[in-house]
Amino acid sequence: MSDTRLARPAFQRVLLKLSGESFGRSGEGGIHQDEISRIAREVADVASKGVQLSIVVGGGNILRGSAFAKGNPIIRESTAHYMGMTATVINGLALRDALEHCGQEARLMTTIRMDEVAEPFIQRRAMNHLKKGRVIILASGTGSPFVTTDTAAALRAKELDAEVLMKATRVDGVYSADPEKNPHAVRYETLTYEQVVRDHLKVMDMTAIGMCMENAMPILVFNFKREGNIERAIVQGEPLGTWVANHARPAYRQS
């Protein structure tokens, strides 16, 4: 393998979407320090190679607002969504500290004002942080209820001029069916936005897909649980996972 410290990274500016489940172990809720430490080490290593990296975090490991919409809830659904946004801030705080523990400068930014613990999201300020080599962690989604963090990721990817939106998952791409339930599920190497919509493939929610399609924002769905995959995808540009776009995946520069 070539010396990636000397070579130009495959992608220079990336929006990484981490689900809340990324912060815990499979089948468990809450935050697990070992998982956060692993993510922070990989992210810090990628940032050290000159990649400008922003991260949108979910909060499903702590609370999902949609869970309160079932039955006869006493909590209003909009309130539940705000609770879910707050959960993403908890994950963001944990990731920020883990990155700083690795020696990587990081800033937590939120769309809901929480001045004691985070900066408000301001596009020009976020871009300035990226140019100074800081990783920015984007929490609280778009700041509005009934909008997923997938859609927040699609919005921020465009707003921050990212080259690609990378969605980290537990499986190595997009499948024709759930590979954890159907052993005959087929993995796609490439897809168009139209195929995702037509076949109702579970890449991101349809609002996020529509936004990426409208803005020609490519999506890479890959397995981040495999050690080193974040660097392989971003720095090396290895053909991991599933590439979703209406143009070809960039060529992999093999050593």
# chains A, B, ... in the order shown; residues from 1 in each chain; ligands from 1
>>> residues_around(residues="stretch 136-150 of chain A", least_positions_apart="2", cutoff="8 Å", atoms="only C-alpha atoms", output="VMD selection string")
chain A and resid 17 53 to 58 78 to 79 81 to 82 84 to 89 92 95 to 96 106 to 112 121 126 129 to 130 134 152 to 154 204 to 205 208
>>> closest_atom_pairs(of="stretch 144-242 of chain A", to="stretch 33-52 of chain A", cutoff="9 Å", atoms="only C-alpha atoms", output="JSON lines")
{"residue": "A:Ala162", "atom": "CA", "partner": "A:Gln52", "partner_atom": "CA", "distance": 8.8}
{"residue": "A:Phe224", "atom": "CA", "partner": "A:Ile39", "partner_atom": "CA", "distance": 8.5}
{"residue": "A:Lys225", "atom": "CA", "partner": "A:Ile39", "partner_atom": "CA", "distance": 8.8}
{"residue": "A:Glu227", "atom": "CA", "partner": "A:Arg38", "partner_atom": "CA", "distance": 8.3}
{"residue": "A:Gly228", "atom": "CA", "partner": "A:Glu42", "partner_atom": "CA", "distance": 6.8}
{"residue": "A:Asn229", "atom": "CA", "partner": "A:Glu42", "partner_atom": "CA", "distance": 8.6}
{"residue": "A:Ile230", "atom": "CA", "partner": "A:Glu42", "partner_atom": "CA", "distance": 6.6}
{"residue": "A:Glu231", "atom": "CA", "partner": "A:Val46", "partner_atom": "CA", "distance": 5.8}
{"residue": "A:Ile234", "atom": "CA", "partner": "A:Val46", "partner_atom": "CA", "distance": 7.5}
{"residue": "A:Val235", "atom": "CA", "partner": "A:Val46", "partner_atom": "CA", "distance": 6.8}
>>> write_last_selection(atoms="N, CA and C atoms", output="mmCIF file, in the first residue's frame")
data_model
loop_
_atom_site.group_PDB
_atom_site.id
_atom_site.type_symbol
_atom_site.label_atom_id
_atom_site.label_comp_id
_atom_site.auth_asym_id
_atom_site.auth_seq_id
_atom_site.Cartn_x
_atom_site.Cartn_y
_atom_site.Cartn_z
ATOM 1 N N ALA A 162 -19.679 18.967 0.793
ATOM 2 C CA ALA A 162 -19.021 17.665 0.873
ATOM 3 C C ALA A 162 -18.981 17.009 -0.506
ATOM 4 N N PHE A 224 -18.828 0.168 8.870
ATOM 5 C CA PHE A 224 -17.795 0.861 9.636
ATOM 6 C C PHE A 224 -17.325 0.016 10.813
ATOM 7 N N LYS A 225 -18.011 -1.088 11.095
ATOM 8 C CA LYS A 225 -17.625 -1.932 12.234
ATOM 9 C C LYS A 225 -16.327 -2.689 11.955
ATOM 10 N N GLU A 227 -12.646 -2.933 11.336
ATOM 11 C CA GLU A 227 -11.516 -2.065 11.691
ATOM 12 C C GLU A 227 -10.829 -1.517 10.437
ATOM 13 N N GLY A 228 -10.665 -0.209 10.397
ATOM 14 C CA GLY A 228 -9.943 0.439 9.312
ATOM 15 C C GLY A 228 -10.783 0.825 8.111
ATOM 16 N N ASN A 229 -12.079 0.472 8.110
ATOM 17 C CA ASN A 229 -12.901 0.752 6.927
ATOM 18 C C ASN A 229 -13.146 2.233 6.697
ATOM 19 N N ILE A 230 -13.166 3.019 7.768
ATOM 20 C CA ILE A 230 -13.377 4.459 7.587
ATOM 21 C C ILE A 230 -12.222 5.046 6.777
ATOM 22 N N GLU A 231 -11.004 4.655 7.115
ATOM 23 C CA GLU A 231 -9.842 5.145 6.352
ATOM 24 C C GLU A 231 -9.831 4.570 4.946
ATOM 25 N N ILE A 234 -12.466 6.560 2.896
ATOM 26 C CA ILE A 234 -12.262 7.996 2.704
ATOM 27 C C ILE A 234 -10.892 8.323 2.119
ATOM 28 N N VAL A 235 -9.853 7.751 2.695
ATOM 29 C CA VAL A 235 -8.491 8.092 2.292
ATOM 30 C C VAL A 235 -8.057 7.283 1.070
#
>>> residues_around(residues="A:Ala245", least_positions_apart="2", cutoff="6 Å", atoms="only C-alpha atoms", output="mmCIF file with N, CA and C atoms, in the first residue's frame")
data_model
loop_
_atom_site.group_PDB
_atom_site.id
_atom_site.type_symbol
_atom_site.label_atom_id
_atom_site.label_comp_id
_atom_site.auth_asym_id
_atom_site.auth_seq_id
_atom_site.Cartn_x
_atom_site.Cartn_y
_atom_site.Cartn_z
ATOM 1 N N THR A 192 -28.431 3.585 -8.716
ATOM 2 C CA THR A 192 -28.832 4.959 -8.996
ATOM 3 C C THR A 192 -29.875 5.363 -7.965
ATOM 4 N N TYR A 193 -30.076 6.655 -7.814
ATOM 5 C CA TYR A 193 -31.112 7.124 -6.897
ATOM 6 C C TYR A 193 -32.473 6.564 -7.321
ATOM 7 N N PRO A 218 -23.427 12.097 -4.062
ATOM 8 C CA PRO A 218 -23.259 10.645 -3.985
ATOM 9 C C PRO A 218 -23.305 10.149 -2.540
ATOM 10 N N HIS A 247 -23.640 8.799 -11.309
ATOM 11 C CA HIS A 247 -22.366 8.778 -12.025
ATOM 12 C C HIS A 247 -21.481 7.698 -11.407
#
>>> closest_residue(among="A:Cys102, A:Ala10, A:Val196, A:Ala67", to="A:Tyr252", atoms="only C-alpha atoms")
A:Ala10
>>> atom_distance(atom1="atom CA of A:Gly27", atom2="atom CA of A:Arg170")
11.5 Å
>>> closest_residue(among="A:Pro250, A:Gly210, A:Pro9, A:Gly59", to="A:Gln236", atoms="only C-alpha atoms")
A:Pro9
>>> residues_around(residues="stretch 173-189 of chain A", least_positions_apart="6", cutoff="12 Å", atoms="only C-alpha atoms", output="number ranges by chain")
A: 166-167, 195-196, 199-204, 219-224, 239-245, 248-249
>>> select_by_dssp(residues="stretch 56-194 of chain A", states="helix (DSSP H, G or I)", output="ChimeraX atom specification")
/A:65-69,77-101,123-131,149-159,193-194
>>> write_last_selection(atoms="N, CA and C atoms", output="short mmCIF file (atom, residue, chain, number, x, y, z; two decimals), in the first residue's frame")
data_model
loop_
_atom_site.label_atom_id
_atom_site.label_comp_id
_atom_site.auth_asym_id
_atom_site.auth_seq_id
_atom_site.Cartn_x
_atom_site.Cartn_y
_atom_site.Cartn_z
N GLY A 65 -37.64 9.16 18.99
CA GLY A 65 -38.89 9.90 19.12
C GLY A 65 -40.08 9.17 18.54
N SER A 66 -39.86 8.42 17.45
CA SER A 66 -40.97 7.72 16.79
C SER A 66 -41.59 6.65 17.68
N ALA A 67 -40.83 6.18 18.68
CA ALA A 67 -41.35 5.13 19.56
C ALA A 67 -42.54 5.61 20.39
N PHE A 68 -42.66 6.91 20.58
CA PHE A 68 -43.73 7.46 21.39
C PHE A 68 -45.00 7.71 20.60
N ALA A 69 -44.97 7.42 19.31
CA ALA A 69 -46.15 7.66 18.46
C ALA A 69 -47.10 6.47 18.47
N GLU A 77 -46.10 13.67 20.09
CA GLU A 77 -45.10 13.16 19.15
C GLU A 77 -44.03 14.20 18.86
N SER A 78 -44.41 15.46 18.73
CA SER A 78 -43.42 16.50 18.46
C SER A 78 -42.45 16.63 19.64
N THR A 79 -42.97 16.51 20.86
CA THR A 79 -42.10 16.55 22.04
C THR A 79 -41.14 15.38 22.03
N ALA A 80 -41.64 14.22 21.65
CA ALA A 80 -40.78 13.03 21.59
C ALA A 80 -39.65 13.22 20.60
N HIS A 81 -39.93 13.88 19.49
CA HIS A 81 -38.87 14.13 18.50
C HIS A 81 -37.81 15.08 19.07
N TYR A 82 -38.23 16.07 19.84
CA TYR A 82 -37.25 16.95 20.48
C TYR A 82 -36.42 16.17 21.50
N MET A 83 -37.04 15.24 22.19
CA MET A 83 -36.30 14.38 23.11
C MET A 83 -35.24 13.58 22.36
N GLY A 84 -35.61 13.08 21.17
CA GLY A 84 -34.65 12.35 20.35
C GLY A 84 -33.51 13.22 19.90
N MET A 85 -33.80 14.49 19.58
CA MET A 85 -32.74 15.43 19.19
C MET A 85 -31.76 15.64 20.35
N THR A 86 -32.30 15.72 21.55
CA THR A 86 -31.44 15.88 22.72
C THR A 86 -30.53 14.67 22.90
N ALA A 87 -31.05 13.48 22.58
CA ALA A 87 -30.24 12.27 22.68
C ALA A 87 -29.02 12.34 21.76
N THR A 88 -29.18 12.95 20.57
CA THR A 88 -28.04 13.05 19.66
C THR A 88 -26.95 13.95 20.24
N VAL A 89 -27.35 14.92 21.04
CA VAL A 89 -26.36 15.81 21.67
C VAL A 89 -25.53 15.04 22.69
N ILE A 90 -26.16 14.12 23.41
CA ILE A 90 -25.43 13.28 24.37
C ILE A 90 -24.35 12.48 23.64
N ASN A 91 -24.72 11.88 22.50
CA ASN A 91 -23.74 11.14 21.71
C ASN A 91 -22.64 12.06 21.18
N GLY A 92 -23.04 13.26 20.76
CA GLY A 92 -22.07 14.21 20.25
C GLY A 92 -21.06 14.63 21.29
N LEU A 93 -21.52 14.85 22.51
CA LEU A 93 -20.60 15.21 23.59
C LEU A 93 -19.59 14.09 23.84
N ALA A 94 -20.07 12.86 23.84
CA ALA A 94 -19.18 11.72 24.07
C ALA A 94 -18.13 11.61 22.96
N LEU A 95 -18.57 11.78 21.70
CA LEU A 95 -17.63 11.66 20.58
C LEU A 95 -16.63 12.80 20.59
N ARG A 96 -17.08 14.01 20.90
CA ARG A 96 -16.15 15.15 20.95
C ARG A 96 -15.03 14.90 21.96
N ASP A 97 -15.39 14.45 23.16
CA ASP A 97 -14.37 14.20 24.17
C ASP A 97 -13.45 13.06 23.76
N ALA A 98 -14.02 12.03 23.12
CA ALA A 98 -13.18 10.90 22.68
C ALA A 98 -12.18 11.35 21.63
N LEU A 99 -12.60 12.24 20.72
CA LEU A 99 -11.68 12.76 19.71
C LEU A 99 -10.59 13.61 20.35
N GLU A 100 -10.96 14.44 21.28
CA GLU A 100 -9.96 15.28 21.96
C GLU A 100 -8.98 14.42 22.75
N HIS A 101 -9.47 13.30 23.30
CA HIS A 101 -8.59 12.37 24.00
C HIS A 101 -7.54 11.78 23.05
N GLN A 123 -23.26 28.02 9.27
CA GLN A 123 -22.56 27.43 8.13
C GLN A 123 -21.16 27.98 7.95
N ARG A 124 -20.99 29.28 8.01
CA ARG A 124 -19.67 29.87 7.78
C ARG A 124 -18.70 29.48 8.90
N ARG A 125 -19.20 29.40 10.12
CA ARG A 125 -18.34 28.98 11.24
C ARG A 125 -17.93 27.53 11.07
N ALA A 126 -18.88 26.69 10.66
CA ALA A 126 -18.57 25.28 10.44
C ALA A 126 -17.50 25.12 9.36
N MET A 127 -17.62 25.86 8.27
CA MET A 127 -16.63 25.78 7.20
C MET A 127 -15.26 26.24 7.68
N ASN A 128 -15.24 27.23 8.53
CA ASN A 128 -13.98 27.72 9.09
C ASN A 128 -13.32 26.66 9.95
N HIS A 129 -14.11 25.96 10.76
CA HIS A 129 -13.56 24.87 11.57
C HIS A 129 -12.94 23.80 10.68
N LEU A 130 -13.64 23.43 9.61
CA LEU A 130 -13.13 22.39 8.70
C LEU A 130 -11.80 22.81 8.09
N LYS A 131 -11.71 24.06 7.66
CA LYS A 131 -10.48 24.54 7.04
C LYS A 131 -9.31 24.58 8.01
N THR A 149 -32.43 12.19 11.06
CA THR A 149 -31.03 12.60 10.98
C THR A 149 -30.43 12.23 9.62
N ASP A 150 -31.05 11.28 8.90
CA ASP A 150 -30.62 11.02 7.52
C ASP A 150 -30.84 12.27 6.66
N THR A 151 -32.00 12.88 6.81
CA THR A 151 -32.28 14.09 6.05
C THR A 151 -31.36 15.22 6.48
N ALA A 152 -31.08 15.30 7.78
CA ALA A 152 -30.13 16.31 8.27
C ALA A 152 -28.77 16.10 7.63
N ALA A 153 -28.36 14.84 7.48
CA ALA A 153 -27.06 14.53 6.87
C ALA A 153 -27.04 14.96 5.41
N ALA A 154 -28.12 14.69 4.68
CA ALA A 154 -28.20 15.09 3.27
C ALA A 154 -28.14 16.61 3.14
N LEU A 155 -28.84 17.30 4.03
CA LEU A 155 -28.86 18.76 4.01
C LEU A 155 -27.47 19.34 4.30
N ARG A 156 -26.83 18.85 5.36
CA ARG A 156 -25.51 19.37 5.74
C ARG A 156 -24.44 19.00 4.71
N ALA A 157 -24.55 17.84 4.11
CA ALA A 157 -23.56 17.46 3.08
C ALA A 157 -23.54 18.48 1.96
N LYS A 158 -24.73 18.91 1.54
CA LYS A 158 -24.81 19.92 0.48
C LYS A 158 -24.34 21.27 1.00
N GLU A 159 -24.79 21.64 2.18
CA GLU A 159 -24.49 22.96 2.73
C GLU A 159 -23.00 23.14 2.97
N TYR A 193 -30.08 6.66 -7.81
CA TYR A 193 -31.11 7.12 -6.90
C TYR A 193 -32.47 6.56 -7.32
N GLU A 194 -32.71 6.52 -8.63
CA GLU A 194 -34.00 6.05 -9.14
C GLU A 194 -34.24 4.59 -8.76
#
>>> atom_distance(atom1="atom CA of A:Ile31", atom2="atom CA of A:Val164")
27.2 Å
>>> select_by_dssp(residues="stretch 57-221 of chain A", states="strand (DSSP E)", output="list in words")
Val57, Ala106, Arg107, Leu108, Met109, Thr110, Glu119, Pro120, Val135, Ile136, Ile137, Leu138, Ala139, Val164, Leu165, Met166, Lys167, Ala168, Thr169, Val174, Tyr175, Arg187, Tyr188, Thr190, Leu191, Ile219, Leu220 and Val221 of chain A
